[in-house]
$ cat entry04.pdb   # PDB, C-alpha atoms and all ligand atoms
ATOM      1  CA  MET A   1       0.000   0.000   0.000
ATOM      2  CA  GLU A   2       1.200   3.550  -0.827
ATOM      3  CA  PRO A   3       2.266   5.576   2.214
ATOM      4  CA  GLU A   4      -0.291   8.274   3.082
ATOM      5  CA  TYR A   5       2.212  11.084   2.749
ATOM      6  CA  ALA A   6       4.322  10.663  -0.363
ATOM      7  CA  PHE A   7       5.022  12.398  -3.631
ATOM      8  CA  THR A   8       4.356  10.486  -6.836
ATOM      9  CA  ALA A   9       7.146   9.818  -9.343
ATOM     10  CA  GLU A  10       5.838  12.708 -11.491
ATOM     11  CA  GLU A  11       5.819  15.055  -8.522
ATOM     12  CA  LEU A  12       9.351  14.022  -7.567
ATOM     13  CA  ALA A  13      10.464  14.724 -11.131
ATOM     14  CA  ARG A  14       8.834  18.153 -10.919
ATOM     15  CA  ILE A  15      10.577  18.814  -7.589
ATOM     16  CA  ALA A  16      13.905  17.788  -9.109
ATOM     17  CA  GLU A  17      13.256  20.199 -11.967
ATOM     18  CA  ILE A  18      12.445  23.006  -9.489
ATOM     19  CA  ARG A  19      15.543  22.132  -7.478
ATOM     20  CA  ARG A  20      17.757  22.522 -10.585
ATOM     21  CA  ARG A  21      16.573  26.103 -10.995
ATOM     22  CA  TYR A  22      17.923  27.171  -7.597
ATOM     23  CA  PRO A  23      21.457  27.226  -6.245
ATOM     24  CA  THR A  24      20.518  25.522  -2.962
ATOM     25  CA  ALA A  25      17.784  23.223  -1.675
ATOM     26  CA  ARG A  26      16.797  25.906   0.820
ATOM     27  CA  ALA A  27      16.154  28.339  -2.046
ATOM     28  CA  ALA A  28      13.826  25.799  -3.684
ATOM     29  CA  LEU A  29      11.820  25.325  -0.508
ATOM     30  CA  MET A  30       9.013  27.813  -1.145
ATOM     31  CA  PRO A  31       7.799  26.411  -4.485
ATOM     32  CA  VAL A  32       8.048  22.874  -3.115
ATOM     33  CA  LEU A  33       6.034  23.842  -0.035
ATOM     34  CA  TRP A  34       3.479  25.367  -2.373
ATOM     35  CA  MET A  35       3.304  22.122  -4.361
ATOM     36  CA  ALA A  36       2.856  20.135  -1.156
ATOM     37  CA  GLN A  37       0.078  22.419   0.029
ATOM     38  CA  GLU A  38      -1.734  22.106  -3.311
ATOM     39  CA  LYS A  39      -1.512  18.329  -3.043
ATOM     40  CA  PHE A  40      -2.335  17.762   0.625
ATOM     41  CA  GLY A  41      -4.498  20.852   1.333
ATOM     42  CA  TRP A  42      -2.382  22.037   4.262
ATOM     43  CA  LEU A  43       1.076  21.553   5.727
ATOM     44  CA  SER A  44       0.714  19.102   8.580
ATOM     45  CA  ARG A  45       3.723  17.860  10.549
ATOM     46  CA  GLU A  46       3.839  14.804   8.272
ATOM     47  CA  VAL A  47       3.851  16.966   5.147
ATOM     48  CA  ILE A  48       6.559  19.242   6.592
ATOM     49  CA  GLU A  49       8.671  16.153   7.271
ATOM     50  CA  LEU A  50       8.056  14.828   3.768
ATOM     51  CA  VAL A  51       9.186  18.137   2.223
ATOM     52  CA  ALA A  52      12.232  18.246   4.508
ATOM     53  CA  GLN A  53      13.188  14.704   3.625
ATOM     54  CA  THR A  54      12.665  15.298  -0.106
ATOM     55  CA  LEU A  55      14.908  18.375  -0.099
ATOM     56  CA  SER A  56      17.373  17.027   2.514
ATOM     57  CA  LEU A  57      16.579  19.907   4.853
ATOM     58  CA  ASN A  58      16.000  20.053   8.583
ATOM     59  CA  PRO A  59      12.243  19.816   9.370
ATOM     60  CA  ALA A  60      12.602  22.734  11.826
ATOM     61  CA  GLU A  61      13.884  24.903   8.993
ATOM     62  CA  VAL A  62      10.972  23.900   6.762
ATOM     63  CA  TYR A  63       8.534  24.547   9.597
ATOM     64  CA  GLY A  64      10.069  27.989  10.166
ATOM     65  CA  VAL A  65       9.453  28.996   6.542
ATOM     66  CA  ALA A  66       5.953  27.463   6.477
ATOM     67  CA  THR A  67       4.878  29.394   9.572
ATOM     68  CA  PHE A  68       6.458  32.684   8.478
ATOM     69  CA  TYR A  69       4.271  33.239   5.405
ATOM     70  CA  THR A  70       0.493  33.496   5.691
ATOM     71  CA  MET A  71       0.016  31.860   2.280
ATOM     72  CA  TYR A  72       1.071  28.545   3.816
ATOM     73  CA  HIS A  73      -1.461  26.782   6.018
ATOM     74  CA  THR A  74       0.016  24.980   8.987
ATOM     75  CA  GLN A  75      -3.427  24.321  10.485
ATOM     76  CA  ALA A  76      -6.114  22.165   8.925
ATOM     77  CA  CYS A  77      -8.294  24.352   6.737
ATOM     78  CA  GLY A  78     -11.255  24.060   4.438
ATOM     79  CA  ARG A  79     -11.344  23.386   0.730
ATOM     80  CA  TYR A  80     -11.896  27.110   0.216
ATOM     81  CA  VAL A  81      -9.879  29.506   2.339
ATOM     82  CA  LEU A  82     -11.591  32.894   2.246
ATOM     83  CA  ASP A  83      -9.271  35.745   3.188
ATOM     84  CA  LEU A  84     -11.267  38.937   3.556
ATOM     85  CA  CYS A  85      -9.214  42.117   3.688
ATOM     86  CA  THR A  86     -10.136  44.288   6.672
ATOM     87  CA  CYS A  87      -7.326  46.799   6.238
ATOM     88  CA  LEU A  88      -8.092  50.508   6.095
ATOM     89  CA  SER A  89      -9.388  51.037   2.539
ATOM     90  CA  CYS A  90     -11.549  47.909   2.599
ATOM     91  CA  GLN A  91     -12.630  48.636   6.154
ATOM     92  CA  VAL A  92     -13.915  52.082   5.138
ATOM     93  CA  LEU A  93     -15.903  50.338   2.406
ATOM     94  CA  GLY A  94     -17.617  48.000   4.896
ATOM     95  CA  ALA A  95     -15.262  45.000   5.141
ATOM     96  CA  GLU A  96     -15.888  44.508   8.872
ATOM     97  CA  ASP A  97     -19.639  44.201   8.241
ATOM     98  CA  LEU A  98     -18.949  41.753   5.418
ATOM     99  CA  LEU A  99     -16.777  39.666   7.717
ATOM    100  CA  ARG A 100     -19.584  39.514  10.308
ATOM    101  CA  HIS A 101     -22.014  38.568   7.531
ATOM    102  CA  LEU A 102     -19.705  35.796   6.346
ATOM    103  CA  GLU A 103     -19.340  34.473   9.892
ATOM    104  CA  GLU A 104     -23.097  34.448  10.421
ATOM    105  CA  ARG A 105     -23.853  32.917   7.072
ATOM    106  CA  LEU A 106     -21.343  30.080   7.518
ATOM    107  CA  GLY A 107     -21.806  29.685  11.275
ATOM    108  CA  VAL A 108     -18.119  30.064  12.106
ATOM    109  CA  ARG A 109     -15.910  32.759  13.611
ATOM    110  CA  ASP A 110     -12.907  34.422  12.055
ATOM    111  CA  GLY A 111     -10.143  31.790  11.749
ATOM    112  CA  GLN A 112     -12.488  28.800  11.899
ATOM    113  CA  THR A 113     -13.512  26.146   9.376
ATOM    114  CA  THR A 114     -17.077  25.014   8.710
ATOM    115  CA  PRO A 115     -17.899  21.516  10.037
ATOM    116  CA  ASP A 116     -18.305  20.191   6.478
ATOM    117  CA  GLY A 117     -14.675  21.168   5.791
ATOM    118  CA  LEU A 118     -15.673  23.432   2.914
ATOM    119  CA  PHE A 119     -14.838  26.968   4.083
ATOM    120  CA  THR A 120     -12.237  28.610   6.280
ATOM    121  CA  VAL A 121     -12.901  32.271   7.046
ATOM    122  CA  ARG A 122     -10.061  34.612   7.903
ATOM    123  CA  HIS A 123      -9.551  38.350   8.027
ATOM    124  CA  THR A 124      -6.354  39.431   6.386
ATOM    125  CA  GLU A 125      -4.064  42.402   5.916
ATOM    126  CA  CYS A 126      -4.060  44.500   2.748
ATOM    127  CA  LEU A 127      -4.249  42.398  -0.418
ATOM    128  CA  GLY A 128      -2.833  45.209  -2.517
ATOM    129  CA  ALA A 129      -6.011  45.934  -4.460
ATOM    130  CA  CYS A 130      -7.259  48.814  -2.309
ATOM    131  CA  GLY A 131      -8.748  50.697  -5.275
ATOM    132  CA  SER A 132     -11.347  47.980  -5.860
ATOM    133  CA  GLY A 133     -12.280  47.050  -2.293
ATOM    134  CA  PRO A 134     -13.661  45.422  -0.352
ATOM    135  CA  VAL A 135     -11.546  42.524  -1.598
ATOM    136  CA  LEU A 136     -11.620  38.823  -0.797
ATOM    137  CA  MET A 137      -9.039  36.244  -1.858
ATOM    138  CA  ILE A 138      -9.865  32.558  -2.390
ATOM    139  CA  ASN A 139      -7.178  29.926  -1.813
ATOM    140  CA  ASN A 140      -4.289  32.391  -2.127
ATOM    141  CA  ARG A 141      -5.182  32.849  -5.740
ATOM    142  CA  ARG A 142      -8.429  34.301  -7.046
ATOM    143  CA  TYR A 143      -9.465  37.819  -6.029
ATOM    144  CA  VAL A 144     -13.076  38.934  -5.798
ATOM    145  CA  HIS A 145     -13.298  42.730  -5.975
ATOM    146  CA  ARG A 146     -15.928  45.271  -4.963
ATOM    147  CA  LEU A 147     -17.658  42.852  -2.629
ATOM    148  CA  SER A 148     -21.143  43.449  -1.356
ATOM    149  CA  GLN A 149     -23.318  41.311   0.875
ATOM    150  CA  GLU A 150     -25.229  40.066  -2.170
ATOM    151  CA  ARG A 151     -22.035  39.225  -4.052
ATOM    152  CA  LEU A 152     -20.740  37.382  -1.001
ATOM    153  CA  ASP A 153     -23.924  35.274  -0.762
ATOM    154  CA  GLN A 154     -23.718  34.503  -4.464
ATOM    155  CA  LEU A 155     -20.050  33.582  -4.143
ATOM    156  CA  ILE A 156     -20.725  31.106  -1.324
ATOM    157  CA  GLU A 157     -23.388  29.394  -3.418
ATOM    158  CA  GLU A 158     -21.063  29.211  -6.429
ATOM    159  CA  LEU A 159     -18.287  27.703  -4.339
ATOM    160  CA  ARG A 160     -20.646  25.172  -2.797
ATOM    161  CA  GLN A 161     -21.298  24.023  -6.351
ATOM    162  CA  GLY A 162     -17.539  23.860  -6.978
ATOM    163  CA  ARG A 163     -17.473  26.908  -9.227
ATOM    164  CA  MET A 164     -14.615  29.346  -8.739
ATOM    165  CA  PRO A 165     -15.424  32.901  -9.808
ATOM    166  CA  GLU A 166     -14.113  33.968 -13.178
ATOM    167  CA  PHE A 167     -10.933  36.008 -13.362
ATOM    168  CA  ALA A 168     -11.918  39.687 -13.397
ATOM    169  CA  SER A 169      -9.630  42.307 -14.835
ATOM    170  CA  ILE A 170      -9.913  45.498 -12.785
ATOM    171  CA  PRO A 171      -8.844  48.656 -14.634
ATOM    172  CA  LEU A 172      -6.447  50.937 -12.805
ATOM    173  CA  PRO A 173      -7.946  54.187 -11.511
ATOM    174  CA  GLU A 174      -7.856  56.939 -14.100
ATOM    175  CA  ARG A 175      -4.912  59.329 -13.978
ATOM    176  CA  PRO A 176      -6.310  62.830 -14.485
ATOM    177  CA  TRP A 177      -2.905  64.412 -15.046
ATOM    178  CA  GLU A 178      -2.381  62.245 -18.154
ATOM    179  CA  GLN A 179      -5.811  63.182 -19.510
ATOM    180  CA  GLU A 180      -4.994  66.847 -19.023
ATOM    181  CA  ALA A 181      -1.668  66.432 -20.847
ATOM    182  CA  SER A 182      -3.307  64.665 -23.825
ATOM    183  CA  SER A 183      -6.081  67.298 -24.114
ATOM    184  CA  ASP A 184      -3.390  70.062 -24.174
ATOM    185  CA  SER A 185      -1.618  68.525 -27.141
TER     186      SER A 185
HETATM  187  S1  LIG B 201      -6.972  47.737   2.086
HETATM  188 FE1  LIG B 201      -7.996  46.012   1.232
HETATM  189  S2  LIG B 201      -6.808  45.526  -0.482
HETATM  190 FE2  LIG B 201      -5.736  47.140   0.435
END
$ encode --input "entry04.pdb" --output "C-alpha cells" --more "lines below"
Ligand code: FES
Amino acid sequence: MEPEYAFTAEELARIAEIRRRYPTARAALMPVLWMAQEKFGWLSREVIELVAQTLSLNPAEVYGVATFYTMYHTQACGRYVLDLCTCLSCQVLGAEDLLRHLEERLGVRDGQTTPDGLFTVRHTECLGACGSGPVLMINNRRYVHRLSQERLDQLIEELRQGRMPEFASIPLPERPWEQEASSDS
C-alpha cells in the first residue's frame, strides 16, 4: 500500500526540476512547499517532514518557513480559504460588516472552518487591491473585488457548487494628469 504522505514519481520529477533552478535546496523550498500544500491541502507535521526529507533539509527549517508566510497553512483548513481584507481602505468600504455577515452565514468565527470542511474564514491584511475594495481572496489565488453582501452570498453558493469565480480584470484608476496632458496637445 502507498504511504499516506508521499510524492508520486511525477511530482518528484517536478521537484527535481524546481531544485535545478535554484542554487541551494533551501532556495527551492518555497515552491516545493506550495506544491505540497496544493496536493495535501495544508502543511501538517507529516507533510513538513516529507518536504524536509525530499529536499534534505532540517524539518525545523521547513517549519520555520511554512509558519512565516500566511500563504502557507500549517493548520487544517477548508477546501476554500476565504481571506477577507479588513485593512483601512476595505474597512472604510464595509469589510468589517462583510466579515460579520460571512461568519453568520457560515456559522463560524474568524479563523475557523465550517464543520463540512468546505470553508475557512479569515480576516487578512491589505491584499494590494485597495482601489477595488472590499476585496476577498480565495485559496491564495483568485481575487473577488468590490464585494457586497449580495455578491458574497452569491459567491458562497457558487463555491458550494464547486465553481470558482471567473478572473476579473480590474482597470487601474484613471490618472487625471495624463488626460490633461493629452487634451493640451
Ligand atoms: S486595504 Fe484592502 S486591499 Fe488594500
$ resolve_selection --input "entry04.pdb" --expression "the PyMOL selection byres (((chain A and resi 87) around 10) and not hetatm)" --output "short mmCIF file (atom, residue, chain, number, x, y, z; two decimals) with C-alpha atoms, in the frame of the given file"
data_model
loop_
_atom_site.label_atom_id
_atom_site.label_comp_id
_atom_site.auth_asym_id
_atom_site.auth_seq_id
_atom_site.Cartn_x
_atom_site.Cartn_y
_atom_site.Cartn_z
CA LEU A 84 -11.27 38.94 3.56
CA CYS A 85 -9.21 42.12 3.69
CA THR A 86 -10.14 44.29 6.67
CA LEU A 88 -8.09 50.51 6.10
CA SER A 89 -9.39 51.04 2.54
CA CYS A 90 -11.55 47.91 2.60
CA GLN A 91 -12.63 48.64 6.15
CA VAL A 92 -13.92 52.08 5.14
CA ALA A 95 -15.26 45.00 5.14
CA GLU A 96 -15.89 44.51 8.87
CA HIS A 123 -9.55 38.35 8.03
CA THR A 124 -6.35 39.43 6.39
CA GLU A 125 -4.06 42.40 5.92
CA CYS A 126 -4.06 44.50 2.75
CA LEU A 127 -4.25 42.40 -0.42
CA GLY A 128 -2.83 45.21 -2.52
CA CYS A 130 -7.26 48.81 -2.31
CA GLY A 133 -12.28 47.05 -2.29
CA PRO A 134 -13.66 45.42 -0.35
CA VAL A 135 -11.55 42.52 -1.60
#
$ resolve_selection --input "entry04.pdb" --expression "the PyMOL selection byres (((chain A and resi 80) around 6) and not hetatm)" --output "list in words"
Gly78, Arg79, Val81, Leu118, Phe119 and Asn139 of chain A
$ atom_distance --input "entry04.pdb" --atom1 "CA of Tyr72 in chain A" --atom2 "CA of Trp42 in chain A"
7.4 Å
$ atom_distance --input "entry04.pdb" --atom1 "CA of Ile18 in chain A" --atom2 "CA of Val62 in chain A"
16.3 Å
$ residues_near_point --input "entry04.pdb" --point "(-21.8, 43.1, 3.9)" --cutoff "10 Å" --atoms "only C-alpha atoms" --output "PDB file with C-alpha atoms, in the coordinates of the input"
ATOM      1  CA  LEU A  93     -15.903  50.338   2.406  1.00  0.00           C
ATOM      2  CA  GLY A  94     -17.617  48.000   4.896  1.00  0.00           C
ATOM      3  CA  ALA A  95     -15.262  45.000   5.141  1.00  0.00           C
ATOM      4  CA  GLU A  96     -15.888  44.508   8.872  1.00  0.00           C
ATOM      5  CA  ASP A  97     -19.639  44.201   8.241  1.00  0.00           C
ATOM      6  CA  LEU A  98     -18.949  41.753   5.418  1.00  0.00           C
ATOM      7  CA  LEU A  99     -16.777  39.666   7.717  1.00  0.00           C
ATOM      8  CA  ARG A 100     -19.584  39.514  10.308  1.00  0.00           C
ATOM      9  CA  HIS A 101     -22.014  38.568   7.531  1.00  0.00           C
ATOM     10  CA  LEU A 102     -19.705  35.796   6.346  1.00  0.00           C
ATOM     11  CA  PRO A 134     -13.661  45.422  -0.352  1.00  0.00           C
ATOM     12  CA  LEU A 147     -17.658  42.852  -2.629  1.00  0.00           C
ATOM     13  CA  SER A 148     -21.143  43.449  -1.356  1.00  0.00           C
ATOM     14  CA  GLN A 149     -23.318  41.311   0.875  1.00  0.00           C
ATOM     15  CA  GLU A 150     -25.229  40.066  -2.170  1.00  0.00           C
ATOM     16  CA  ARG A 151     -22.035  39.225  -4.052  1.00  0.00           C
ATOM     17  CA  LEU A 152     -20.740  37.382  -1.001  1.00  0.00           C
ATOM     18  CA  ASP A 153     -23.924  35.274  -0.762  1.00  0.00           C
TER      19      ASP A 153
END
$ closest_residue --input "entry04.pdb" --among "A:Arg21, A:His145, A:Pro115, A:Leu43" --to "Ala129 in chain A" --atoms "only C-alpha atoms"
A:His145
$ closest_residue --input "entry04.pdb" --among "A:Thr113, A:Gln37, A:Ser132, A:Gln53" --to "ligand LIG 201 (chain B)" --atoms "only C-alpha atoms and all ligand atoms"
A:Ser132
$ axis_aligned_box --input "entry04.pdb" --around "ligand LIG 201 (chain B)" --padding-each-side "8 Å" --output "AutoDock Vina command-line options"
--center_x -6.9 --center_y 46.6 --center_z 0.8 --size_x 18.3 --size_y 18.2 --size_z 18.6
$ resolve_selection --input "entry04.pdb" --expression "the PyMOL selection byres (((chain A and resi 166) around 10) and not hetatm)" --output "ChimeraX atom specification"
/A:142-144,163-165,167-169
$ atom_distance --input "entry04.pdb" --atom1 "CA of Met71 in chain A" --atom2 "CA of Glu38 in chain A"
11.4 Å
$ closest_residue --input "entry04.pdb" --among "A:Leu50, A:Arg146, A:Phe68, A:Thr120" --to "ligand LIG 201 (chain B)" --atoms "only C-alpha atoms and all ligand atoms"
A:Arg146
$ residues_around --input "entry04.pdb" --residues "Glu49 in chain A" --least-positions-apart "2" --cutoff "10 Å" --atoms "only C-alpha atoms" --output "PDB file with C-alpha atoms, in the coordinates of the input"
ATOM      1  CA  TYR A   5       2.212  11.084   2.749  1.00  0.00           C
ATOM      2  CA  LEU A  43       1.076  21.553   5.727  1.00  0.00           C
ATOM      3  CA  SER A  44       0.714  19.102   8.580  1.00  0.00           C
ATOM      4  CA  ARG A  45       3.723  17.860  10.549  1.00  0.00           C
ATOM      5  CA  GLU A  46       3.839  14.804   8.272  1.00  0.00           C
ATOM      6  CA  VAL A  47       3.851  16.966   5.147  1.00  0.00           C
ATOM      7  CA  VAL A  51       9.186  18.137   2.223  1.00  0.00           C
ATOM      8  CA  ALA A  52      12.232  18.246   4.508  1.00  0.00           C
ATOM      9  CA  GLN A  53      13.188  14.704   3.625  1.00  0.00           C
ATOM     10  CA  THR A  54      12.665  15.298  -0.106  1.00  0.00           C
ATOM     11  CA  LEU A  55      14.908  18.375  -0.099  1.00  0.00           C
ATOM     12  CA  SER A  56      17.373  17.027   2.514  1.00  0.00           C
ATOM     13  CA  LEU A  57      16.579  19.907   4.853  1.00  0.00           C
ATOM     14  CA  ASN A  58      16.000  20.053   8.583  1.00  0.00           C
ATOM     15  CA  PRO A  59      12.243  19.816   9.370  1.00  0.00           C
ATOM     16  CA  ALA A  60      12.602  22.734  11.826  1.00  0.00           C
ATOM     17  CA  VAL A  62      10.972  23.900   6.762  1.00  0.00           C
ATOM     18  CA  TYR A  63       8.534  24.547   9.597  1.00  0.00           C
TER      19      TYR A  63
END
$ closest_residue --input "entry04.pdb" --among "A:Ala13, A:Ala27, A:Leu106, A:Leu136" --to "ligand LIG 201 (chain B)" --atoms "all atoms listed in the file"
A:Leu136
$ closest_residue --input "entry04.pdb" --among "A:Ala16, A:Met137, A:Val32, A:Leu82" --to "ligand LIG 201 (chain B)" --atoms "all atoms listed in the file"
A:Met137
$ build_atoms --input "entry04.pdb" --residues "range 125-136 of chain A" --atoms "all heavy atoms" --output "CSV table (one decimal), in the frame of the given file"
chain,number,residue,atom,x,y,z
A,125,GLU,N,-4.6,41.1,6.2
A,125,GLU,CA,-4.1,42.4,5.9
A,125,GLU,C,-4.2,42.7,4.4
A,125,GLU,O,-4.7,41.9,3.6
A,125,GLU,CB,-2.6,42.4,6.3
A,125,GLU,CG,-2.3,42.2,7.8
A,125,GLU,CD,-3.1,43.2,8.7
A,125,GLU,OE1,-3.0,44.4,8.4
A,125,GLU,OE2,-3.7,42.8,9.7
A,126,CYS,N,-3.8,44.0,4.1
A,126,CYS,CA,-4.1,44.5,2.7
A,126,CYS,C,-3.6,43.5,1.7
A,126,CYS,O,-2.5,43.0,1.7
A,126,CYS,CB,-3.3,45.8,2.6
A,126,CYS,SG,-3.5,46.5,1.0
A,127,LEU,N,-4.5,43.3,0.7
A,127,LEU,CA,-4.2,42.4,-0.4
A,127,LEU,C,-3.7,43.1,-1.6
A,127,LEU,O,-3.5,42.6,-2.7
A,127,LEU,CB,-5.5,41.7,-0.8
A,127,LEU,CG,-6.0,40.7,0.2
A,127,LEU,CD1,-7.4,40.2,-0.1
A,127,LEU,CD2,-5.1,39.5,0.4
A,128,GLY,N,-3.5,44.4,-1.5
A,128,GLY,CA,-2.8,45.2,-2.5
A,128,GLY,C,-3.8,45.6,-3.7
A,128,GLY,O,-3.3,45.8,-4.8
A,129,ALA,N,-5.1,45.6,-3.4
A,129,ALA,CA,-6.0,45.9,-4.5
A,129,ALA,C,-7.0,46.9,-3.9
A,129,ALA,O,-8.2,46.9,-4.1
A,129,ALA,CB,-6.7,44.7,-5.0
A,130,CYS,N,-6.4,47.9,-3.1
A,130,CYS,CA,-7.3,48.8,-2.3
A,130,CYS,C,-8.2,49.6,-3.2
A,130,CYS,O,-9.3,50.0,-2.7
A,130,CYS,CB,-6.4,49.8,-1.5
A,130,CYS,SG,-4.9,49.0,-0.9
A,131,GLY,N,-7.9,49.9,-4.4
A,131,GLY,CA,-8.7,50.7,-5.3
A,131,GLY,C,-10.0,50.0,-5.7
A,131,GLY,O,-10.9,50.6,-6.2
A,132,SER,N,-10.1,48.7,-5.4
A,132,SER,CA,-11.3,48.0,-5.9
A,132,SER,C,-11.9,47.2,-4.7
A,132,SER,O,-12.4,46.1,-4.9
A,132,SER,CB,-11.1,47.1,-7.0
A,132,SER,OG,-10.0,46.2,-6.7
A,133,GLY,N,-11.8,47.7,-3.5
A,133,GLY,CA,-12.3,47.0,-2.3
A,133,GLY,C,-13.8,47.1,-2.2
A,133,GLY,O,-14.4,47.9,-2.9
A,134,PRO,N,-14.3,46.4,-1.2
A,134,PRO,CA,-13.7,45.4,-0.4
A,134,PRO,C,-13.3,44.2,-1.2
A,134,PRO,O,-14.0,43.8,-2.1
A,134,PRO,CB,-14.7,45.0,0.7
A,134,PRO,CG,-15.8,46.1,0.6
A,134,PRO,CD,-15.7,46.6,-0.8
A,135,VAL,N,-12.1,43.6,-0.8
A,135,VAL,CA,-11.5,42.5,-1.6
A,135,VAL,C,-11.5,41.2,-0.8
A,135,VAL,O,-11.1,41.3,0.4
A,135,VAL,CB,-10.1,42.9,-2.1
A,135,VAL,CG1,-9.5,41.8,-2.9
A,135,VAL,CG2,-10.2,44.2,-2.9
A,136,LEU,N,-11.7,40.1,-1.4
A,136,LEU,CA,-11.6,38.8,-0.8
A,136,LEU,C,-10.8,37.9,-1.7
A,136,LEU,O,-10.9,38.0,-2.9
A,136,LEU,CB,-13.0,38.2,-0.6
A,136,LEU,CG,-13.1,36.8,0.0
A,136,LEU,CD1,-14.3,36.7,0.9
A,136,LEU,CD2,-13.3,35.8,-1.1
